[in-house]
Structures are given as structure tokens and as C-alpha cells.
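Chemist: Please find entry.json (JSON, C-alpha atoms) on the next line:
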```json
[["chain", "number", "residue", "atom", "x", "y", "z"],
["A", 1, "PRO", "CA", 0.00, 0.00, 0.00],
["A", 2, "GLU", "CA", 2.81, 2.40, 0.78],
["A", 3, "GLY", "CA", 4.36, 1.79, -2.63],
["A", 4, "GLN", "CA", 1.05, 2.33, -4.40],
["A", 5, "ARG", "CA", 0.64, 5.64, -2.59],
["A", 6, "LEU", "CA", 4.14, 6.79, -3.56],
["A", 7, "LEU", "CA", 4.05, 5.53, -7.16],
["A", 8, "PRO", "CA", 2.44, 8.64, -8.74],
["A", 9, "LYS", "CA", 5.02, 10.87, -7.06],
["A", 10, "ALA", "CA", 7.85, 8.60, -8.21],
["A", 11, "LEU", "CA", 6.58, 8.68, -11.80],
["A", 12, "ALA", "CA", 6.34, 12.48, -11.66],
["A", 13, "VAL", "CA", 9.97, 12.65, -10.48],
["A", 14, "ILE", "CA", 11.10, 10.36, -13.32],
["A", 15, "ASP", "CA", 9.22, 12.46, -15.88],
["A", 16, "ALA", "CA", 10.82, 15.62, -14.49],
["A", 17, "VAL", "CA", 14.30, 14.07, -14.69],
["A", 18, "ASP", "CA", 13.67, 13.00, -18.30],
["A", 19, "GLU", "CA", 12.67, 16.56, -19.19],
["A", 20, "LEU", "CA", 15.75, 17.95, -17.44],
["A", 21, "VAL", "CA", 18.08, 15.57, -19.29],
["A", 22, "SER", "CA", 16.40, 16.40, -22.60],
["A", 23, "ALA", "CA", 16.72, 20.14, -22.00],
["A", 24, "ALA", "CA", 20.34, 19.81, -20.93],
["A", 25, "SER", "CA", 21.30, 17.71, -23.95],
["A", 26, "GLY", "CA", 21.14, 20.66, -26.34],
["A", 27, "ASN", "CA", 18.12, 22.31, -27.83],
["A", 28, "GLY", "CA", 15.78, 20.04, -25.92],
["A", 29, "ASP", "CA", 13.90, 19.11, -29.08],
["A", 30, "PRO", "CA", 11.84, 15.98, -28.23],
["A", 31, "LEU", "CA", 11.67, 15.15, -31.95],
["A", 32, "ALA", "CA", 15.45, 14.74, -32.07],
["A", 33, "SER", "CA", 15.69, 12.05, -29.40],
["A", 34, "THR", "CA", 13.84, 8.71, -29.15],
["A", 35, "VAL", "CA", 10.11, 8.08, -29.08],
["A", 36, "ARG", "CA", 8.78, 4.89, -27.51],
["A", 37, "LEU", "CA", 5.86, 3.87, -29.71],
["A", 38, "GLY", "CA", 3.30, 1.23, -28.81],
["A", 39, "LEU", "CA", 0.89, -0.37, -31.29],
["A", 40, "ILE", "CA", -1.85, -2.96, -30.99],
["A", 41, "PRO", "CA", -1.21, -6.20, -32.95],
["A", 42, "THR", "CA", -4.22, -5.72, -35.25],
["A", 43, "VAL", "CA", -2.74, -2.43, -36.49],
["A", 44, "ALA", "CA", 1.04, -2.75, -36.23],
["A", 45, "PRO", "CA", 1.81, -5.03, -39.24],
["A", 46, "TYR", "CA", -0.30, -2.94, -41.60],
["A", 47, "ILE", "CA", 0.51, 0.68, -40.77],
["A", 48, "LEU", "CA", 3.97, 0.38, -39.21],
["A", 49, "PRO", "CA", 5.93, 0.28, -42.52],
["A", 50, "ALA", "CA", 4.31, 3.53, -43.69],
["A", 51, "VAL", "CA", 4.71, 5.17, -40.27],
["A", 52, "LEU", "CA", 8.41, 4.31, -40.04],
["A", 53, "ARG", "CA", 9.08, 5.49, -43.61],
["A", 54, "GLU", "CA", 7.36, 8.81, -42.97],
["A", 55, "LEU", "CA", 9.17, 9.33, -39.68],
["A", 56, "ALA", "CA", 12.53, 8.60, -41.33],
["A", 57, "ASP", "CA", 11.77, 11.11, -44.11],
["A", 58, "ARG", "CA", 10.28, 13.89, -42.00],
["A", 59, "LEU", "CA", 12.14, 13.48, -38.71],
["A", 60, "PRO", "CA", 15.51, 11.89, -39.53],
["A", 61, "GLU", "CA", 16.91, 12.76, -36.08],
["A", 62, "LEU", "CA", 14.14, 10.89, -34.28],
["A", 63, "GLY", "CA", 14.85, 7.39, -33.01],
["A", 64, "VAL", "CA", 11.95, 4.97, -32.64],
["A", 65, "GLN", "CA", 11.47, 2.08, -30.23],
["A", 66, "VAL", "CA", 8.47, -0.10, -31.16],
["A", 67, "VAL", "CA", 6.40, -2.10, -28.69],
["A", 68, "GLU", "CA", 3.55, -4.33, -29.93],
["A", 69, "ASP", "CA", 1.05, -5.33, -27.25],
["A", 70, "GLN", "CA", -2.63, -5.49, -26.38],
["A", 71, "THR", "CA", -4.50, -2.35, -25.39],
["A", 72, "THR", "CA", -4.65, -3.02, -21.65],
["A", 73, "ARG", "CA", -0.90, -3.46, -21.36],
["A", 74, "LEU", "CA", -0.17, -0.49, -23.62],
["A", 75, "VAL", "CA", -2.34, 1.71, -21.40],
["A", 76, "GLY", "CA", -0.43, 0.48, -18.36],
["A", 77, "GLN", "CA", 2.90, 1.28, -20.00],
["A", 78, "LEU", "CA", 1.66, 4.76, -20.94],
["A", 79, "ARG", "CA", 0.64, 5.38, -17.35],
["A", 80, "GLU", "CA", 3.95, 4.19, -15.91],
["A", 81, "GLY", "CA", 5.93, 6.21, -18.45],
["A", 82, "SER", "CA", 7.66, 3.36, -20.29],
["A", 83, "LEU", "CA", 5.80, 4.38, -23.49],
["A", 84, "ASP", "CA", 5.49, 7.89, -24.91],
["A", 85, "VAL", "CA", 2.61, 7.27, -27.30],
["A", 86, "ALA", "CA", 0.52, 4.33, -28.50],
["A", 87, "VAL", "CA", -1.67, 3.62, -31.52],
["A", 88, "MET", "CA", -4.87, 1.96, -30.32],
["A", 89, "ALA", "CA", -8.51, 1.66, -31.28],
["A", 90, "LEU", "CA", -10.70, 4.43, -29.88],
["A", 91, "PRO", "CA", -12.32, 5.10, -27.57],
["A", 92, "THR", "CA", -10.13, 3.71, -24.79],
["A", 93, "ASN", "CA", -12.33, 5.31, -22.10],
["A", 94, "GLU", "CA", -9.21, 5.81, -19.99],
["A", 95, "SER", "CA", -9.09, 8.89, -17.79],
["A", 96, "GLY", "CA", -5.92, 10.93, -17.76],
["A", 97, "LEU", "CA", -4.80, 9.98, -21.28],
["A", 98, "GLY", "CA", -5.02, 12.32, -24.24],
["A", 99, "GLU", "CA", -6.51, 10.87, -27.44],
["A", 100, "ILE", "CA", -5.90, 12.16, -30.97],
["A", 101, "PRO", "CA", -7.96, 10.40, -33.69],
["A", 102, "MET", "CA", -5.72, 9.44, -36.64],
["A", 103, "TYR", "CA", -8.03, 7.76, -39.15],
["A", 104, "ARG", "CA", -11.21, 5.75, -39.56],
["A", 105, "GLU", "CA", -11.50, 2.56, -41.57],
["A", 106, "ASP", "CA", -14.17, 0.10, -42.56],
["A", 107, "PHE", "CA", -14.51, -3.46, -41.36],
["A", 108, "VAL", "CA", -14.21, -5.98, -44.20],
["A", 109, "LEU", "CA", -15.63, -9.50, -44.16],
["A", 110, "ALA", "CA", -12.86, -12.04, -44.84],
["A", 111, "LEU", "CA", -14.04, -15.26, -46.50],
["A", 112, "PRO", "CA", -12.66, -18.38, -48.19],
["A", 113, "HIS", "CA", -12.04, -17.63, -51.89],
["A", 114, "ASP", "CA", -14.94, -19.86, -53.01],
["A", 115, "HIS", "CA", -17.53, -18.51, -50.55],
["A", 116, "PRO", "CA", -20.89, -17.39, -52.08],
["A", 117, "LEU", "CA", -20.45, -13.91, -50.53],
["A", 118, "ALA", "CA", -16.94, -13.43, -51.95],
["A", 119, "GLY", "CA", -16.64, -10.12, -53.78],
["A", 120, "ARG", "CA", -20.03, -8.78, -52.69],
["A", 121, "LYS", "CA", -20.20, -5.01, -52.11],
["A", 122, "ARG", "CA", -23.31, -4.72, -49.91],
["A", 123, "VAL", "CA", -23.45, -7.52, -47.35],
["A", 124, "ASN", "CA", -25.93, -6.80, -44.57],
["A", 125, "PRO", "CA", -24.33, -7.30, -41.14],
["A", 126, "ASP", "CA", -27.31, -9.41, -40.05],
["A", 127, "GLN", "CA", -25.99, -12.14, -42.38],
["A", 128, "LEU", "CA", -23.29, -12.76, -39.77],
["A", 129, "ALA", "CA", -25.95, -14.74, -37.91],
["A", 130, "ASP", "CA", -25.60, -17.52, -40.48],
["A", 131, "LEU", "CA", -21.78, -17.55, -40.66],
["A", 132, "PRO", "CA", -19.23, -19.28, -38.39],
["A", 133, "LEU", "CA", -17.37, -16.25, -37.04],
["A", 134, "LEU", "CA", -13.75, -16.68, -35.99],
["A", 135, "LEU", "CA", -12.61, -14.29, -33.27],
["A", 136, "LEU", "CA", -9.31, -13.24, -31.77],
["A", 137, "ASP", "CA", -8.51, -14.16, -28.18],
["A", 138, "GLU", "CA", -9.81, -12.20, -25.21],
["A", 139, "GLY", "CA", -8.03, -8.90, -24.74],
["A", 140, "HIS", "CA", -7.91, -7.94, -28.43],
["A", 141, "CYS", "CA", -10.02, -4.86, -29.11],
["A", 142, "LEU", "CA", -10.81, -6.24, -32.58],
["A", 143, "ARG", "CA", -12.67, -9.12, -30.92],
["A", 144, "ASP", "CA", -14.77, -6.69, -28.91],
["A", 145, "GLN", "CA", -15.43, -4.55, -31.98],
["A", 146, "ALA", "CA", -16.50, -7.56, -34.05],
["A", 147, "LEU", "CA", -18.95, -8.60, -31.34],
["A", 148, "GLU", "CA", -20.23, -5.01, -31.20],
["A", 149, "VAL", "CA", -20.92, -5.12, -34.95],
["A", 150, "CYS", "CA", -23.02, -8.23, -34.35],
["A", 151, "ARG", "CA", -24.81, -6.66, -31.40],
["A", 152, "LEU", "CA", -25.72, -3.55, -33.38],
["A", 153, "ALA", "CA", -27.00, -5.77, -36.18],
["A", 154, "GLY", "CA", -29.18, -7.60, -33.66],
["A", 155, "VAL", "CA", -27.59, -11.00, -34.26],
["A", 156, "ARG", "CA", -25.98, -13.58, -32.02],
["A", 157, "PRO", "CA", -23.20, -14.93, -34.21],
["A", 158, "GLU", "CA", -22.23, -18.56, -34.47],
["A", 159, "VAL", "CA", -18.81, -18.12, -32.87],
["A", 160, "GLY", "CA", -16.38, -20.78, -34.03],
["A", 161, "GLN", "CA", -14.36, -22.78, -31.52],
["A", 162, "THR", "CA", -11.17, -21.54, -33.14],
["A", 163, "ARG", "CA", -9.66, -18.52, -31.41],
["A", 164, "ALA", "CA", -6.52, -16.90, -32.75],
["A", 165, "ALA", "CA", -3.85, -14.88, -30.97],
["A", 166, "SER", "CA", -3.15, -12.85, -34.12],
["A", 167, "LEU", "CA", -5.11, -11.55, -37.07],
["A", 168, "ALA", "CA", -2.76, -13.38, -39.44],
["A", 169, "THR", "CA", -3.65, -16.70, -37.79],
["A", 170, "ALA", "CA", -7.36, -15.94, -37.99],
["A", 171, "VAL", "CA", -6.98, -15.22, -41.70],
["A", 172, "GLN", "CA", -5.11, -18.50, -42.23],
["A", 173, "CYS", "CA", -8.00, -20.34, -40.55],
["A", 174, "VAL", "CA", -10.44, -18.58, -42.87],
["A", 175, "GLU", "CA", -8.40, -19.60, -45.90],
["A", 176, "GLY", "CA", -8.52, -23.18, -44.55],
["A", 177, "GLY", "CA", -12.32, -23.11, -44.53],
["A", 178, "LEU", "CA", -12.86, -22.91, -40.77],
["A", 179, "GLY", "CA", -15.12, -19.85, -40.91],
["A", 180, "VAL", "CA", -15.12, -16.13, -41.63],
["A", 181, "THR", "CA", -13.72, -13.16, -39.75],
["A", 182, "LEU", "CA", -13.72, -9.38, -39.73],
["A", 183, "ILE", "CA", -10.55, -7.53, -40.64],
["A", 184, "PRO", "CA", -9.76, -3.80, -40.86],
["A", 185, "GLN", "CA", -9.50, -2.26, -44.33],
["A", 186, "THR", "CA", -5.77, -1.61, -43.84],
["A", 187, "ALA", "CA", -5.17, -5.35, -43.52],
["A", 188, "VAL", "CA", -6.78, -6.30, -46.83],
["A", 189, "ALA", "CA", -3.82, -5.71, -49.17],
["A", 190, "VAL", "CA", -1.43, -7.75, -47.02],
["A", 191, "GLU", "CA", -3.78, -10.58, -46.09],
["A", 192, "THR", "CA", -5.20, -11.15, -49.59],
["A", 193, "GLY", "CA", -1.78, -11.20, -51.22],
["A", 194, "GLY", "CA", -1.55, -14.98, -51.19],
["A", 195, "GLY", "CA", -4.72, -15.41, -53.24],
["A", 196, "GLY", "CA", -6.51, -17.77, -50.87],
["A", 197, "LEU", "CA", -8.62, -15.14, -49.16],
["A", 198, "ALA", "CA", -11.64, -13.30, -50.51],
["A", 199, "THR", "CA", -13.36, -10.27, -49.05],
["A", 200, "ALA", "CA", -16.80, -8.69, -49.07],
["A", 201, "MET", "CA", -17.88, -5.18, -48.13],
["A", 202, "PHE", "CA", -20.73, -4.40, -45.79],
["A", 203, "ALA", "CA", -23.68, -2.27, -46.83],
["A", 204, "ARG", "CA", -23.61, 1.38, -45.81],
["A", 205, "PRO", "CA", -23.33, 2.61, -43.18],
["A", 206, "ARG", "CA", -20.37, 0.25, -43.00],
["A", 207, "PRO", "CA", -19.19, -0.84, -39.55]]
```
Hey, can you dump this file as C-alpha cells for me?
Modeler:
Amino acid sequence: PEGQRLLPKALAVIDAVDELVSAASGNGDPLASTVRLGLIPTVAPYILPAVLRELADRLPELGVQVVEDQTTRLVGQLREGSLDVAVMALPTNESGLGEIPMYREDFVLALPHDHPLAGRKRVNPDQLADLPLLLLDEGHCLRDQALEVCRLAGVRPEVGQTRAASLATAVQCVEGGLGVTLIPQTAVAVETGGGGLATAMFARPRP
């Protein structure tokens, strides 16, 4: 209990020391040191290459340390100061953290290449009631978002027994005919590159 009471003060001291060291190192420009960047696993593989290229072009003096983890642990690392910034799905509903929206993207239905819905442009979300839906493990925000899509559509999905720790594994299971899943639009180009995965778009307003 004593440590818990002192922890916020200790973190404040560490933050103050970091600022002092940064200011004493020269011009104190935070964009000329190192940023500790966290990303959730359902985003990192798809946006990280573009982010790192842009940072290298625009801020060549900035070093980057990348941490991939689930939202709960990223929030904890932000609070304790071991991360500077994290890319996560919003809203986090976490008090004391600033949020800056970066982009919005559609959910895409990922299907085996020979599925009757493959290539459709206006799939109604209520059709998820008739499809074996593969979900990521507990703790992934994409799992919660997929279930929210079903809830808003008024359906109780047939959730497959397969649960994946990564989106790439879920996609491989879809290609193997074990069910369907929801993937973010940014993942489509990478995950359909092998040719075994088809996609379908939801009707507007798209989840």
C-alpha cells in the first residue's frame, strides 16, 4: 500500500528528470531524441511500414522504439511512463490519457475464396448470424469490436471454436475453410496477397 501511494510521485519525479536531461542535452527538441511507440497487434503489421518510412523522411533525427502489445498493457505502459505514445482503437475510455484520432477505416468480411459472398459489395451485417465467425482471443479490441458489430446488427453470431492470438492466424484459418472473420481495411492488401482469401464489403453505413 505504501508503494502504491508513492508511485504517482515517483513517476512524476522520473518524468521531471527526463525533461531535465532532454533540455540539458542541447536544444531540448523531443523530436530529435527517441520516441517509444506502442501499437496494438491488429494495427502494427499494416501501418507500421508507412509510419516508419514517414518518420525517417520527415524526422531523420528521431529514433523509434516499437512495442507491440494489447491495449490493456499499452495503457499500463503509458501510465507508468515506459511508453510515450501508443496507436490503439478508440475510444479507450481511460481517464488521464489524451486521445488524438488518426483515421477511420471500414470493417471488411474475410471469406474463403470460393464462398458465395466473396466479392459482394453490400453484405448486410445481419448475415453474420448464419456464418461461423472466428474471433481473436480475449483482450484484443478487434474481438470486442466484431462482437459489437453483431450486437448492433441484432444478431448472435455462431462463434467458431477456433480462437486466434493474431489476425494473421485468424486469416489462415479462414483460408482453410474454418469460418469467416472481420478484418480492418488496412489489412486487406497484405492478407489477400496470397490469393486464398476473398473479401466482401458491408452495406452502408459500414461498420
Chemist: With a distance cut-off of 9 Å and all atoms listed in the file, select the neighbouring residues of Gly63 (chain A), excluding the residue or stretch itself and same-chain residues fewer than 6 positions from it, and output the selection as a ChimeraX atom specification.
Modeler: /A:31-36,55-56
Chemist: Measuring atom to atom with all atoms listed in the file, identify which of A:Ala198, A:Leu7, A:Ala16, A:Leu59 is nearest to Ala118 (chain A).
Modeler: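 Once distances to Ala118 (chain A) are computed over all atoms listed in the file, the minimum belongs to A:Ala198.
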Chemist: What separation in Å, quoted to one decimal, exists between CA of Gly38 (chain A) and CA of Val87 (chain A)?
Modeler: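 Going from CA of Gly38 (chain A) over to CA of Val87 (chain A) covers 6.1 Å.
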Chemist: Smallest atom-to-atom distance to Leu134 (chain A): which of A:Glu68, A:Glu80, A:Glu175, A:Asp114, using all atoms listed in the file?
Modeler: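 Closest residue, counting all atoms listed in the file: A:Glu175.
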Chemist: So the first atom is CA of Leu74 (chain A) and the second is CA of Val159 (chain A); what is the distance between them in Å, to one decimal place?
Modeler: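 So the answer is 27.3 Å.
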Chemist: Since the input has fewer atoms than a full residue there, write region 72-107 of chain A out with N, CA and C atoms, as a compact mmCIF listing (two decimals), keeping the file's coordinate frame.
Modeler:
```txt
# COMPACT_ATOMS: atom_id res chain seq x y z
N THR A 72 -4.74 -3.15 -23.10
CA THR A 72 -4.65 -3.02 -21.65
C THR A 72 -3.21 -2.81 -21.19
N ARG A 73 -2.29 -3.59 -21.77
CA ARG A 73 -0.90 -3.46 -21.36
C ARG A 73 -0.27 -2.18 -21.90
N LEU A 74 -0.67 -1.76 -23.10
CA LEU A 74 -0.17 -0.49 -23.62
C LEU A 74 -0.60 0.68 -22.73
N VAL A 75 -1.86 0.65 -22.29
CA VAL A 75 -2.34 1.71 -21.40
C VAL A 75 -1.52 1.73 -20.11
N GLY A 76 -1.25 0.55 -19.57
CA GLY A 76 -0.43 0.48 -18.36
C GLY A 76 0.96 1.06 -18.57
N GLN A 77 1.56 0.76 -19.72
CA GLN A 77 2.90 1.28 -20.00
C GLN A 77 2.88 2.79 -20.23
N LEU A 78 1.79 3.31 -20.82
CA LEU A 78 1.66 4.76 -20.94
C LEU A 78 1.59 5.40 -19.56
N ARG A 79 0.82 4.80 -18.68
CA ARG A 79 0.64 5.38 -17.35
C ARG A 79 1.94 5.36 -16.54
N GLU A 80 2.72 4.29 -16.70
CA GLU A 80 3.95 4.19 -15.91
C GLU A 80 5.12 4.91 -16.58
N GLY A 81 4.91 5.42 -17.80
CA GLY A 81 5.93 6.21 -18.45
C GLY A 81 6.93 5.43 -19.28
N SER A 82 6.72 4.12 -19.46
CA SER A 82 7.66 3.36 -20.29
C SER A 82 7.32 3.46 -21.77
N LEU A 83 6.16 4.05 -22.11
CA LEU A 83 5.80 4.38 -23.49
C LEU A 83 5.49 5.87 -23.55
N ASP A 84 5.83 6.49 -24.69
CA ASP A 84 5.49 7.89 -24.91
C ASP A 84 4.13 8.05 -25.58
N VAL A 85 3.82 7.16 -26.50
CA VAL A 85 2.61 7.27 -27.30
C VAL A 85 2.23 5.87 -27.78
N ALA A 86 0.95 5.64 -28.02
CA ALA A 86 0.52 4.33 -28.50
C ALA A 86 -0.60 4.51 -29.51
N VAL A 87 -0.61 3.65 -30.51
CA VAL A 87 -1.67 3.62 -31.52
C VAL A 87 -2.64 2.51 -31.14
N MET A 88 -3.87 2.91 -30.80
CA MET A 88 -4.87 1.96 -30.32
C MET A 88 -6.22 2.31 -30.93
N ALA A 89 -7.15 1.39 -30.82
CA ALA A 89 -8.51 1.66 -31.28
C ALA A 89 -9.20 2.55 -30.25
N LEU A 90 -9.97 3.50 -30.75
CA LEU A 90 -10.70 4.43 -29.88
C LEU A 90 -12.17 4.04 -29.80
N PRO A 91 -12.87 4.40 -28.73
CA PRO A 91 -12.32 5.10 -27.57
C PRO A 91 -11.71 4.12 -26.58
N THR A 92 -10.70 4.56 -25.84
CA THR A 92 -10.13 3.71 -24.79
C THR A 92 -10.88 3.88 -23.47
N ASN A 93 -11.59 5.02 -23.33
CA ASN A 93 -12.33 5.31 -22.10
C ASN A 93 -11.41 5.30 -20.88
N GLU A 94 -10.18 5.75 -21.08
CA GLU A 94 -9.21 5.81 -19.99
C GLU A 94 -9.02 7.26 -19.56
N SER A 95 -9.27 7.53 -18.29
CA SER A 95 -9.09 8.89 -17.79
C SER A 95 -7.61 9.22 -17.70
N GLY A 96 -7.30 10.48 -17.92
CA GLY A 96 -5.92 10.93 -17.76
C GLY A 96 -5.04 10.74 -18.97
N LEU A 97 -5.57 10.16 -20.05
CA LEU A 97 -4.80 9.98 -21.28
C LEU A 97 -5.40 10.85 -22.38
N GLY A 98 -4.55 11.55 -23.10
CA GLY A 98 -5.02 12.32 -24.24
C GLY A 98 -5.20 11.42 -25.45
N GLU A 99 -6.24 11.66 -26.24
CA GLU A 99 -6.51 10.87 -27.44
C GLU A 99 -6.58 11.79 -28.65
N ILE A 100 -5.88 11.42 -29.71
CA ILE A 100 -5.90 12.16 -30.97
C ILE A 100 -6.32 11.19 -32.07
N PRO A 101 -7.54 11.31 -32.60
CA PRO A 101 -7.96 10.40 -33.69
C PRO A 101 -7.03 10.56 -34.90
N MET A 102 -6.62 9.42 -35.48
CA MET A 102 -5.72 9.44 -36.64
C MET A 102 -6.47 9.16 -37.94
N TYR A 103 -7.30 8.13 -37.94
CA TYR A 103 -8.03 7.76 -39.15
C TYR A 103 -9.18 6.83 -38.78
N ARG A 104 -10.13 6.72 -39.68
CA ARG A 104 -11.21 5.75 -39.56
C ARG A 104 -11.09 4.76 -40.71
N GLU A 105 -11.52 3.53 -40.49
CA GLU A 105 -11.50 2.56 -41.57
C GLU A 105 -12.67 1.59 -41.43
N ASP A 106 -13.05 1.03 -42.55
CA ASP A 106 -14.17 0.10 -42.56
C ASP A 106 -13.73 -1.29 -42.11
N PHE A 107 -14.68 -2.03 -41.55
CA PHE A 107 -14.51 -3.46 -41.36
C PHE A 107 -14.79 -4.15 -42.70
```
